[in-house]
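entry.txt (compact mmCIF, N, CA and C atoms) appears below.
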```txt
# COMPACT_ATOMS: atom_id res chain seq x y z
N MET N 1 -57.18 -11.61 -6.49
CA MET N 1 -57.46 -10.25 -6.07
C MET N 1 -56.33 -9.33 -6.51
N ILE N 2 -56.71 -8.17 -6.98
CA ILE N 2 -55.72 -7.18 -7.41
C ILE N 2 -55.25 -6.40 -6.18
N ASN N 3 -53.96 -6.50 -5.89
CA ASN N 3 -53.36 -5.74 -4.81
C ASN N 3 -52.05 -5.13 -5.33
N LEU N 4 -51.31 -4.49 -4.48
CA LEU N 4 -50.10 -3.80 -4.91
C LEU N 4 -49.10 -4.77 -5.54
N ASN N 5 -48.89 -5.92 -4.92
CA ASN N 5 -47.94 -6.89 -5.49
C ASN N 5 -48.41 -7.40 -6.85
N TYR N 6 -49.70 -7.62 -6.98
CA TYR N 6 -50.24 -8.07 -8.26
C TYR N 6 -49.98 -7.03 -9.35
N LEU N 7 -50.22 -5.75 -9.03
CA LEU N 7 -49.98 -4.69 -10.00
C LEU N 7 -48.49 -4.55 -10.32
N LYS N 8 -47.64 -4.70 -9.33
CA LYS N 8 -46.19 -4.66 -9.59
C LYS N 8 -45.81 -5.74 -10.60
N ASN N 9 -46.30 -6.96 -10.36
CA ASN N 9 -45.98 -8.07 -11.26
C ASN N 9 -46.57 -7.88 -12.65
N SER N 10 -47.73 -7.23 -12.73
CA SER N 10 -48.41 -7.04 -14.01
C SER N 10 -47.89 -5.84 -14.79
N LEU N 11 -47.65 -4.73 -14.10
CA LEU N 11 -47.38 -3.46 -14.78
C LEU N 11 -45.90 -3.11 -14.94
N LEU N 12 -45.08 -3.46 -13.97
CA LEU N 12 -43.66 -3.10 -14.09
C LEU N 12 -43.02 -3.70 -15.34
N PRO N 13 -43.31 -4.96 -15.71
CA PRO N 13 -42.73 -5.50 -16.95
C PRO N 13 -43.23 -4.79 -18.21
N LEU N 14 -44.35 -4.07 -18.11
CA LEU N 14 -44.88 -3.33 -19.26
C LEU N 14 -44.32 -1.91 -19.35
N GLY N 15 -43.38 -1.58 -18.47
CA GLY N 15 -42.74 -0.27 -18.53
C GLY N 15 -43.34 0.77 -17.60
N TYR N 16 -44.27 0.39 -16.75
CA TYR N 16 -44.84 1.33 -15.78
C TYR N 16 -43.86 1.53 -14.64
N GLN N 17 -43.93 2.69 -14.03
CA GLN N 17 -43.13 3.00 -12.86
C GLN N 17 -44.07 3.16 -11.68
N LEU N 18 -43.59 2.88 -10.49
CA LEU N 18 -44.40 2.95 -9.28
C LEU N 18 -44.01 4.18 -8.48
N ASP N 19 -45.01 4.93 -8.07
CA ASP N 19 -44.82 6.08 -7.18
C ASP N 19 -45.65 5.82 -5.92
N GLU N 20 -44.96 5.65 -4.81
CA GLU N 20 -45.64 5.39 -3.54
C GLU N 20 -45.53 6.57 -2.58
N LYS N 21 -45.16 7.73 -3.08
CA LYS N 21 -44.99 8.91 -2.23
C LYS N 21 -46.30 9.50 -1.76
N GLY N 22 -47.35 9.33 -2.54
CA GLY N 22 -48.63 9.93 -2.20
C GLY N 22 -49.47 9.07 -1.30
N GLU N 23 -50.72 9.46 -1.19
CA GLU N 23 -51.68 8.75 -0.36
C GLU N 23 -51.96 7.35 -0.89
N LEU N 24 -52.03 7.23 -2.22
CA LEU N 24 -52.30 5.96 -2.88
C LEU N 24 -51.14 5.58 -3.78
N PRO N 25 -50.85 4.29 -3.93
CA PRO N 25 -49.82 3.91 -4.89
C PRO N 25 -50.31 4.19 -6.31
N ILE N 26 -49.42 4.76 -7.10
CA ILE N 26 -49.75 5.11 -8.48
C ILE N 26 -48.68 4.52 -9.40
N PHE N 27 -49.13 3.83 -10.41
CA PHE N 27 -48.25 3.38 -11.47
C PHE N 27 -48.46 4.33 -12.64
N TYR N 28 -47.39 4.69 -13.32
CA TYR N 28 -47.54 5.58 -14.47
C TYR N 28 -46.56 5.17 -15.55
N LYS N 29 -46.94 5.57 -16.75
CA LYS N 29 -46.11 5.25 -17.91
C LYS N 29 -46.25 6.39 -18.92
N ARG N 30 -45.14 6.80 -19.46
CA ARG N 30 -45.14 7.81 -20.53
C ARG N 30 -45.04 7.09 -21.86
N VAL N 31 -45.82 7.55 -22.81
CA VAL N 31 -45.82 6.98 -24.15
C VAL N 31 -45.39 8.08 -25.12
N LEU N 32 -44.32 7.84 -25.82
CA LEU N 32 -43.81 8.85 -26.74
C LEU N 32 -44.29 8.52 -28.15
N HIS N 33 -45.17 9.34 -28.64
CA HIS N 33 -45.67 9.20 -30.00
C HIS N 33 -45.79 10.61 -30.57
N LYS N 34 -46.33 10.72 -31.75
CA LYS N 34 -46.34 12.03 -32.43
C LYS N 34 -47.76 12.53 -32.71
N ASN N 35 -48.74 12.09 -31.95
CA ASN N 35 -50.12 12.51 -32.19
C ASN N 35 -50.56 13.55 -31.15
N PRO N 36 -50.45 14.83 -31.50
CA PRO N 36 -50.90 15.87 -30.57
C PRO N 36 -52.36 16.26 -30.78
N ASN N 37 -53.09 15.50 -31.59
CA ASN N 37 -54.45 15.89 -31.98
C ASN N 37 -55.56 15.09 -31.31
N SER N 38 -55.32 13.85 -30.97
CA SER N 38 -56.37 13.00 -30.44
C SER N 38 -56.33 12.94 -28.92
N ILE N 39 -57.47 13.13 -28.32
CA ILE N 39 -57.59 13.02 -26.86
C ILE N 39 -57.29 11.59 -26.41
N TYR N 40 -57.43 10.61 -27.32
CA TYR N 40 -57.23 9.20 -26.99
C TYR N 40 -55.80 8.70 -27.24
N ALA N 41 -54.96 9.54 -27.78
CA ALA N 41 -53.56 9.19 -27.98
C ALA N 41 -52.79 9.63 -26.72
N PHE N 42 -52.87 8.82 -25.70
CA PHE N 42 -52.34 9.21 -24.39
C PHE N 42 -50.82 9.24 -24.38
N THR N 43 -50.29 10.26 -23.74
CA THR N 43 -48.86 10.33 -23.50
C THR N 43 -48.54 9.97 -22.05
N LEU N 44 -49.56 9.99 -21.21
CA LEU N 44 -49.39 9.60 -19.81
C LEU N 44 -50.54 8.67 -19.43
N ILE N 45 -50.17 7.50 -18.92
CA ILE N 45 -51.15 6.52 -18.45
C ILE N 45 -50.91 6.34 -16.96
N ILE N 46 -52.00 6.39 -16.19
CA ILE N 46 -51.92 6.31 -14.74
C ILE N 46 -52.82 5.17 -14.25
N VAL N 47 -52.26 4.31 -13.42
CA VAL N 47 -53.03 3.24 -12.80
C VAL N 47 -53.01 3.49 -11.30
N THR N 48 -54.21 3.63 -10.72
CA THR N 48 -54.34 3.94 -9.31
C THR N 48 -55.02 2.79 -8.59
N LEU N 49 -54.47 2.43 -7.46
CA LEU N 49 -55.05 1.40 -6.61
C LEU N 49 -55.55 2.07 -5.34
N ASP N 50 -56.87 2.04 -5.15
CA ASP N 50 -57.38 2.60 -3.90
C ASP N 50 -57.95 1.48 -3.04
N LYS N 51 -58.70 1.81 -2.04
CA LYS N 51 -59.18 0.83 -1.08
C LYS N 51 -60.06 -0.25 -1.72
N TYR N 52 -60.88 0.14 -2.70
CA TYR N 52 -61.84 -0.79 -3.29
C TYR N 52 -61.67 -1.04 -4.79
N THR N 53 -61.00 -0.13 -5.49
CA THR N 53 -60.96 -0.23 -6.95
C THR N 53 -59.55 -0.05 -7.51
N VAL N 54 -59.43 -0.44 -8.76
CA VAL N 54 -58.24 -0.15 -9.55
C VAL N 54 -58.73 0.64 -10.77
N THR N 55 -58.05 1.72 -11.07
CA THR N 55 -58.47 2.62 -12.14
C THR N 55 -57.31 2.86 -13.09
N ILE N 56 -57.60 2.84 -14.39
CA ILE N 56 -56.62 3.19 -15.41
C ILE N 56 -57.13 4.46 -16.08
N GLU N 57 -56.28 5.48 -16.14
CA GLU N 57 -56.65 6.75 -16.76
C GLU N 57 -55.53 7.18 -17.70
N GLY N 58 -55.87 8.04 -18.64
CA GLY N 58 -54.88 8.55 -19.56
C GLY N 58 -55.15 9.97 -19.95
N LEU N 59 -54.11 10.64 -20.39
CA LEU N 59 -54.27 11.97 -20.97
C LEU N 59 -53.18 12.24 -21.97
N ASN N 60 -53.52 13.06 -22.95
CA ASN N 60 -52.56 13.45 -23.98
C ASN N 60 -52.03 14.83 -23.60
N GLU N 61 -50.84 14.82 -23.01
CA GLU N 61 -50.25 16.07 -22.54
C GLU N 61 -49.95 17.04 -23.68
N MET N 62 -49.61 16.51 -24.85
CA MET N 62 -49.34 17.38 -26.00
C MET N 62 -50.60 18.15 -26.39
N LEU N 63 -51.72 17.46 -26.42
CA LEU N 63 -52.99 18.10 -26.77
C LEU N 63 -53.37 19.15 -25.74
N ILE N 64 -53.20 18.83 -24.48
CA ILE N 64 -53.51 19.78 -23.41
C ILE N 64 -52.61 21.00 -23.50
N HIS N 65 -51.32 20.77 -23.74
CA HIS N 65 -50.37 21.88 -23.87
C HIS N 65 -50.75 22.79 -25.03
N ARG N 66 -51.12 22.17 -26.17
CA ARG N 66 -51.54 22.98 -27.33
C ARG N 66 -52.79 23.79 -27.01
N ALA N 67 -53.74 23.20 -26.32
CA ALA N 67 -54.98 23.89 -25.98
C ALA N 67 -54.72 25.05 -25.02
N ILE N 68 -53.82 24.85 -24.08
CA ILE N 68 -53.47 25.93 -23.14
C ILE N 68 -52.76 27.05 -23.89
N LYS N 69 -51.82 26.68 -24.73
CA LYS N 69 -51.06 27.67 -25.51
C LYS N 69 -51.97 28.49 -26.42
N ALA N 70 -52.99 27.83 -26.98
CA ALA N 70 -53.94 28.50 -27.87
C ALA N 70 -55.03 29.25 -27.08
N LYS N 71 -54.93 29.16 -25.75
CA LYS N 71 -55.91 29.80 -24.85
C LYS N 71 -57.32 29.23 -25.03
N ALA N 72 -57.40 27.98 -25.48
CA ALA N 72 -58.69 27.30 -25.61
C ALA N 72 -59.17 26.79 -24.26
N ILE N 73 -58.21 26.44 -23.41
CA ILE N 73 -58.54 26.03 -22.04
C ILE N 73 -57.56 26.70 -21.09
N GLU N 74 -57.95 26.72 -19.83
CA GLU N 74 -57.09 27.28 -18.80
C GLU N 74 -57.02 26.25 -17.68
N VAL N 75 -55.81 25.95 -17.23
CA VAL N 75 -55.62 25.00 -16.14
C VAL N 75 -54.88 25.73 -15.03
N ASN N 76 -55.59 25.97 -13.93
CA ASN N 76 -55.01 26.73 -12.83
C ASN N 76 -54.81 25.91 -11.57
N SER N 77 -55.24 24.67 -11.58
CA SER N 77 -55.09 23.84 -10.39
C SER N 77 -54.94 22.38 -10.79
N TYR N 78 -54.50 21.60 -9.83
CA TYR N 78 -54.37 20.17 -10.06
C TYR N 78 -55.74 19.56 -10.35
N GLU N 79 -56.77 20.04 -9.68
CA GLU N 79 -58.12 19.52 -9.89
C GLU N 79 -58.59 19.74 -11.32
N GLU N 80 -58.26 20.90 -11.90
CA GLU N 80 -58.64 21.17 -13.28
C GLU N 80 -57.88 20.26 -14.25
N LEU N 81 -56.62 20.00 -13.96
CA LEU N 81 -55.84 19.08 -14.79
C LEU N 81 -56.36 17.66 -14.63
N ASP N 82 -56.68 17.29 -13.41
CA ASP N 82 -57.22 15.96 -13.12
C ASP N 82 -58.52 15.70 -13.88
N ALA N 83 -59.32 16.72 -14.07
CA ALA N 83 -60.59 16.59 -14.78
C ALA N 83 -60.39 16.28 -16.26
N LEU N 84 -59.19 16.49 -16.78
CA LEU N 84 -58.91 16.24 -18.19
C LEU N 84 -58.51 14.78 -18.46
N ARG N 85 -58.37 14.00 -17.41
CA ARG N 85 -58.04 12.58 -17.58
C ARG N 85 -59.25 11.83 -18.12
N GLU N 86 -58.96 10.85 -18.96
CA GLU N 86 -59.99 9.97 -19.48
C GLU N 86 -59.90 8.65 -18.72
N ILE N 87 -61.03 8.18 -18.20
CA ILE N 87 -61.05 6.90 -17.50
C ILE N 87 -61.16 5.78 -18.54
N ILE N 88 -60.19 4.89 -18.51
CA ILE N 88 -60.12 3.78 -19.44
C ILE N 88 -60.72 2.52 -18.80
N TYR N 89 -60.48 2.38 -17.51
CA TYR N 89 -60.95 1.20 -16.78
C TYR N 89 -61.12 1.58 -15.32
N ASP N 90 -62.20 1.10 -14.72
CA ASP N 90 -62.45 1.35 -13.30
C ASP N 90 -63.30 0.21 -12.77
N ASN N 91 -62.71 -0.63 -11.90
CA ASN N 91 -63.45 -1.77 -11.40
C ASN N 91 -62.88 -2.20 -10.06
N THR N 92 -63.52 -3.16 -9.43
CA THR N 92 -63.10 -3.62 -8.11
C THR N 92 -61.87 -4.51 -8.19
N HIS N 93 -61.27 -4.75 -7.04
CA HIS N 93 -60.08 -5.59 -6.94
C HIS N 93 -60.34 -7.04 -7.32
N GLU N 94 -61.58 -7.47 -7.22
CA GLU N 94 -61.92 -8.87 -7.47
C GLU N 94 -61.94 -9.22 -8.96
N GLU N 95 -62.03 -8.26 -9.84
CA GLU N 95 -62.18 -8.50 -11.28
C GLU N 95 -60.82 -8.69 -11.97
N VAL N 96 -60.08 -9.68 -11.53
CA VAL N 96 -58.73 -9.93 -12.04
C VAL N 96 -58.74 -10.27 -13.52
N LYS N 97 -59.61 -11.19 -13.92
CA LYS N 97 -59.64 -11.61 -15.32
C LYS N 97 -59.97 -10.43 -16.24
N GLN N 98 -60.97 -9.66 -15.87
CA GLN N 98 -61.35 -8.50 -16.69
C GLN N 98 -60.23 -7.47 -16.74
N PHE N 99 -59.56 -7.24 -15.61
CA PHE N 99 -58.44 -6.31 -15.56
C PHE N 99 -57.34 -6.76 -16.53
N ASN N 100 -57.00 -8.04 -16.49
CA ASN N 100 -55.94 -8.55 -17.38
C ASN N 100 -56.31 -8.39 -18.84
N ILE N 101 -57.55 -8.70 -19.18
CA ILE N 101 -58.01 -8.55 -20.56
C ILE N 101 -57.91 -7.10 -21.00
N MET N 102 -58.38 -6.20 -20.14
CA MET N 102 -58.39 -4.77 -20.49
C MET N 102 -56.97 -4.21 -20.62
N VAL N 103 -56.11 -4.56 -19.70
CA VAL N 103 -54.72 -4.06 -19.75
C VAL N 103 -54.04 -4.57 -21.01
N ASN N 104 -54.17 -5.84 -21.29
CA ASN N 104 -53.52 -6.41 -22.48
C ASN N 104 -54.05 -5.77 -23.76
N PHE N 105 -55.36 -5.61 -23.86
CA PHE N 105 -55.95 -4.99 -25.04
C PHE N 105 -55.51 -3.53 -25.16
N PHE N 106 -55.57 -2.81 -24.05
CA PHE N 106 -55.18 -1.40 -24.05
C PHE N 106 -53.71 -1.24 -24.44
N GLU N 107 -52.84 -2.05 -23.88
CA GLU N 107 -51.41 -1.96 -24.21
C GLU N 107 -51.17 -2.24 -25.69
N THR N 108 -51.90 -3.20 -26.25
CA THR N 108 -51.79 -3.50 -27.68
C THR N 108 -52.20 -2.28 -28.51
N GLN N 109 -53.28 -1.62 -28.11
CA GLN N 109 -53.74 -0.44 -28.85
C GLN N 109 -52.73 0.70 -28.75
N MET N 110 -52.16 0.89 -27.57
CA MET N 110 -51.17 1.96 -27.41
C MET N 110 -49.90 1.68 -28.23
N LYS N 111 -49.54 0.40 -28.36
CA LYS N 111 -48.39 0.05 -29.21
C LYS N 111 -48.68 0.40 -30.67
N GLU N 112 -49.92 0.19 -31.09
CA GLU N 112 -50.32 0.54 -32.46
C GLU N 112 -50.26 2.07 -32.65
N VAL N 113 -50.69 2.82 -31.67
CA VAL N 113 -50.63 4.29 -31.75
C VAL N 113 -49.18 4.73 -31.90
N TYR N 114 -48.30 4.11 -31.14
CA TYR N 114 -46.89 4.47 -31.14
C TYR N 114 -46.20 4.03 -32.44
N ALA N 115 -46.56 2.86 -32.92
CA ALA N 115 -45.81 2.24 -34.02
C ALA N 115 -46.18 2.75 -35.41
N HIS N 116 -47.37 3.33 -35.57
CA HIS N 116 -47.84 3.68 -36.90
C HIS N 116 -48.04 5.18 -37.07
N PRO N 117 -47.89 5.67 -38.28
CA PRO N 117 -48.12 7.10 -38.55
C PRO N 117 -49.56 7.49 -38.22
N ILE N 118 -49.75 8.74 -37.88
CA ILE N 118 -51.06 9.26 -37.45
C ILE N 118 -52.16 8.98 -38.45
N LYS N 119 -51.90 9.13 -39.71
CA LYS N 119 -52.95 8.98 -40.73
C LYS N 119 -53.20 7.52 -41.14
N SER N 120 -52.40 6.60 -40.61
CA SER N 120 -52.54 5.20 -41.04
C SER N 120 -53.82 4.58 -40.49
N ASP N 121 -54.27 3.55 -41.17
CA ASP N 121 -55.47 2.83 -40.72
C ASP N 121 -55.24 2.19 -39.36
N GLU N 122 -54.06 1.65 -39.14
CA GLU N 122 -53.75 0.99 -37.87
C GLU N 122 -53.82 1.96 -36.71
N HIS N 123 -53.26 3.14 -36.91
CA HIS N 123 -53.27 4.18 -35.86
C HIS N 123 -54.71 4.60 -35.56
N GLN N 124 -55.47 4.85 -36.60
CA GLN N 124 -56.85 5.31 -36.42
C GLN N 124 -57.73 4.23 -35.80
N LYS N 125 -57.51 2.97 -36.18
CA LYS N 125 -58.28 1.87 -35.60
C LYS N 125 -57.95 1.72 -34.11
N ALA N 126 -56.70 1.85 -33.75
CA ALA N 126 -56.30 1.76 -32.34
C ALA N 126 -56.96 2.88 -31.53
N LEU N 127 -56.98 4.09 -32.07
CA LEU N 127 -57.64 5.20 -31.36
C LEU N 127 -59.14 4.94 -31.21
N ALA N 128 -59.75 4.38 -32.24
CA ALA N 128 -61.18 4.05 -32.16
C ALA N 128 -61.43 2.99 -31.10
N ASN N 129 -60.54 2.01 -30.99
CA ASN N 129 -60.68 0.97 -29.97
C ASN N 129 -60.52 1.56 -28.56
N ILE N 130 -59.58 2.47 -28.39
CA ILE N 130 -59.38 3.13 -27.09
C ILE N 130 -60.63 3.95 -26.76
N GLN N 131 -61.16 4.64 -27.75
CA GLN N 131 -62.38 5.42 -27.52
C GLN N 131 -63.52 4.51 -27.04
N LEU N 132 -63.66 3.34 -27.64
CA LEU N 132 -64.68 2.39 -27.22
C LEU N 132 -64.47 1.94 -25.77
N MET N 133 -63.23 1.73 -25.39
CA MET N 133 -62.91 1.36 -24.00
C MET N 133 -63.37 2.45 -23.04
N ILE N 134 -63.10 3.70 -23.42
CA ILE N 134 -63.47 4.83 -22.57
C ILE N 134 -65.00 4.96 -22.49
N GLU N 135 -65.65 4.81 -23.61
CA GLU N 135 -67.12 4.88 -23.60
C GLU N 135 -67.72 3.78 -22.74
N ALA N 136 -67.14 2.57 -22.79
CA ALA N 136 -67.61 1.47 -21.94
C ALA N 136 -67.37 1.77 -20.46
N ALA N 137 -66.20 2.36 -20.16
CA ALA N 137 -65.91 2.71 -18.77
C ALA N 137 -66.88 3.78 -18.26
N LYS N 138 -67.19 4.75 -19.11
CA LYS N 138 -68.14 5.81 -18.71
C LYS N 138 -69.54 5.24 -18.51
N ALA N 139 -69.91 4.27 -19.32
CA ALA N 139 -71.24 3.68 -19.23
C ALA N 139 -71.43 2.93 -17.92
N THR N 140 -70.35 2.34 -17.41
CA THR N 140 -70.45 1.60 -16.17
C THR N 140 -70.10 2.44 -14.94
N TYR N 141 -69.55 3.62 -15.17
CA TYR N 141 -69.07 4.46 -14.07
C TYR N 141 -70.21 5.11 -13.41
```
Have the structure of the file written as structure tokens, please.
Amino acid sequence: MINLNYLKNSLLPLGYQLDEKGELPIFYKRVLHKNPNSIYAFTLIIVTLDKYTVTIEGLNEMLIHRAIKAKAIEVNSYEELDALREIIYDNTHEEVKQFNIMVNFFETQMKEVYAHPIKSDEHQKALANIQLMIEAAKATY
């Protein structure tokens, strides 16, 4: 079963930080890369543990900042910013094996995004794989 201790053991070694100040424990990780163009090139990854589910979400803060600066979007509240998150994974606490597979695959894709130039095949393939993860999460959500 996925609980707080399980997530600590799984995510802290991957560079996530734990924030327990809010209502729910949140793990987050910043990814420093140079892709301000793709919605799937996340600069912030958030893992939330609630009463029944564990959720992984991401957003590209550089892309959002550019869109705000260009006046393409307006963000006036936390709820509006929250709506810009992409759900990567959302499932119950019992799905430990699936969670592990998804986290490992997702982390591998994010390493590819970070490690390769934006125009490279590796970078583009990793973004396509992340997009597929998000589409699968939306299909089951």
Residues near Tyr114 in chain N, cut-off 6.5 Å, all atoms listed in the file, skip fewer than 3 positions along chain, as a PDB file with N, CA and C atoms, in the coordinates of the input:
```
ATOM      1  N   LEU N  32     -44.320   7.840 -25.820  1.00  0.00           N
ATOM      2  CA  LEU N  32     -43.810   8.850 -26.740  1.00  0.00           C
ATOM      3  C   LEU N  32     -44.290   8.520 -28.150  1.00  0.00           C
ATOM      4  N   HIS N  33     -45.170   9.340 -28.640  1.00  0.00           N
ATOM      5  CA  HIS N  33     -45.670   9.200 -30.000  1.00  0.00           C
ATOM      6  C   HIS N  33     -45.790  10.610 -30.570  1.00  0.00           C
ATOM      7  N   LYS N  34     -46.330  10.720 -31.750  1.00  0.00           N
ATOM      8  CA  LYS N  34     -46.340  12.030 -32.430  1.00  0.00           C
ATOM      9  C   LYS N  34     -47.760  12.530 -32.710  1.00  0.00           C
ATOM     10  N   GLN N 109     -53.280  -1.620 -28.110  1.00  0.00           N
ATOM     11  CA  GLN N 109     -53.740  -0.440 -28.850  1.00  0.00           C
ATOM     12  C   GLN N 109     -52.730   0.700 -28.750  1.00  0.00           C
ATOM     13  N   MET N 110     -52.160   0.890 -27.570  1.00  0.00           N
ATOM     14  CA  MET N 110     -51.170   1.960 -27.410  1.00  0.00           C
ATOM     15  C   MET N 110     -49.900   1.680 -28.230  1.00  0.00           C
ATOM     16  N   LYS N 111     -49.540   0.400 -28.360  1.00  0.00           N
ATOM     17  CA  LYS N 111     -48.390   0.050 -29.210  1.00  0.00           C
ATOM     18  C   LYS N 111     -48.680   0.400 -30.670  1.00  0.00           C
ATOM     19  N   PRO N 117     -47.890   5.670 -38.280  1.00  0.00           N
ATOM     20  CA  PRO N 117     -48.120   7.100 -38.550  1.00  0.00           C
ATOM     21  C   PRO N 117     -49.560   7.490 -38.220  1.00  0.00           C
TER      22      PRO N 117
END
```
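Distances to Thr53 in chain N were evaluated for N:Arg85, N:Lys8, N:His65, N:His93 using only C-alpha atoms, and the minimum falls at N:His93.
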- Task: Quick one: pull the distance between CA of Glu86 in chain N and atom C of Val54 in chain N, Å, one decimal.
- Result: 12.8 Å
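For the residues N:Ile88, N:Tyr6, N:Gly22, N:Glu79, ranking by smallest atom-to-atom distance to Ile46 in chain N using only C-alpha atoms places N:Ile88 first.
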- Query: From the set N:Ser77, N:Gln124, N:Asn9, N:Asn60, which residue has the shortest atom-to-atom contact distance to Asn37 in chain N, counting only N, CA and C atoms?
  - Reply: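 Looking only at the distances to Asn37 in chain N, the closest residue turns out to be N:Asn60.
Between atom C of Glu61 in chain N and atom N of Ile45 in chain N there is a distance of 10.7 Å.
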- Run DSSP on the backbone and give me the residues of range 11-136 of chain N it puts in helix (DSSP H, G or I), as a ChimeraX atom specification. /N:11-14,61-69,78-82,96-115,121-136
- Any idea what's packed within 12 Å of range 16-19 of chain N, counting only C-alpha atoms, ignoring anything in its chain fewer than 2 positions away? Could you give it as a ChimeraX atom specification? /N:4-5,7-14,21-31,44-49,56,103,107
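From atom C of Ala41 in chain N back to atom N of Leu59 in chain N, the distance works out to 6.5 Å.
For the residues N:Asp121, N:Glu94, N:Glu80, N:Glu20, ranking by smallest atom-to-atom distance to Asn3 in chain N using only C-alpha atoms places N:Glu94 first.
Among the candidates N:Ala136, N:Ile130, N:Ala70, N:Val75, the residue lying nearest to Asp90 in chain N is N:Ala136 (atoms considered: all atoms listed in the file).
Those residues in chain N carrying a DSSP assignment of strand (DSSP E or B), computed from the backbone, are Gln17, Leu18, Asp19, Ile26, Phe27, Tyr28, Lys29, Arg30, Leu44, Ile45, Ile46, Val47, Thr48, Leu49, Thr53, Val54, Thr55, Ile56, Glu57, Gly58, Leu59, Glu86, Ile87, Ile88, Tyr89, Asp90, Asn91 and Thr92 of chain N.
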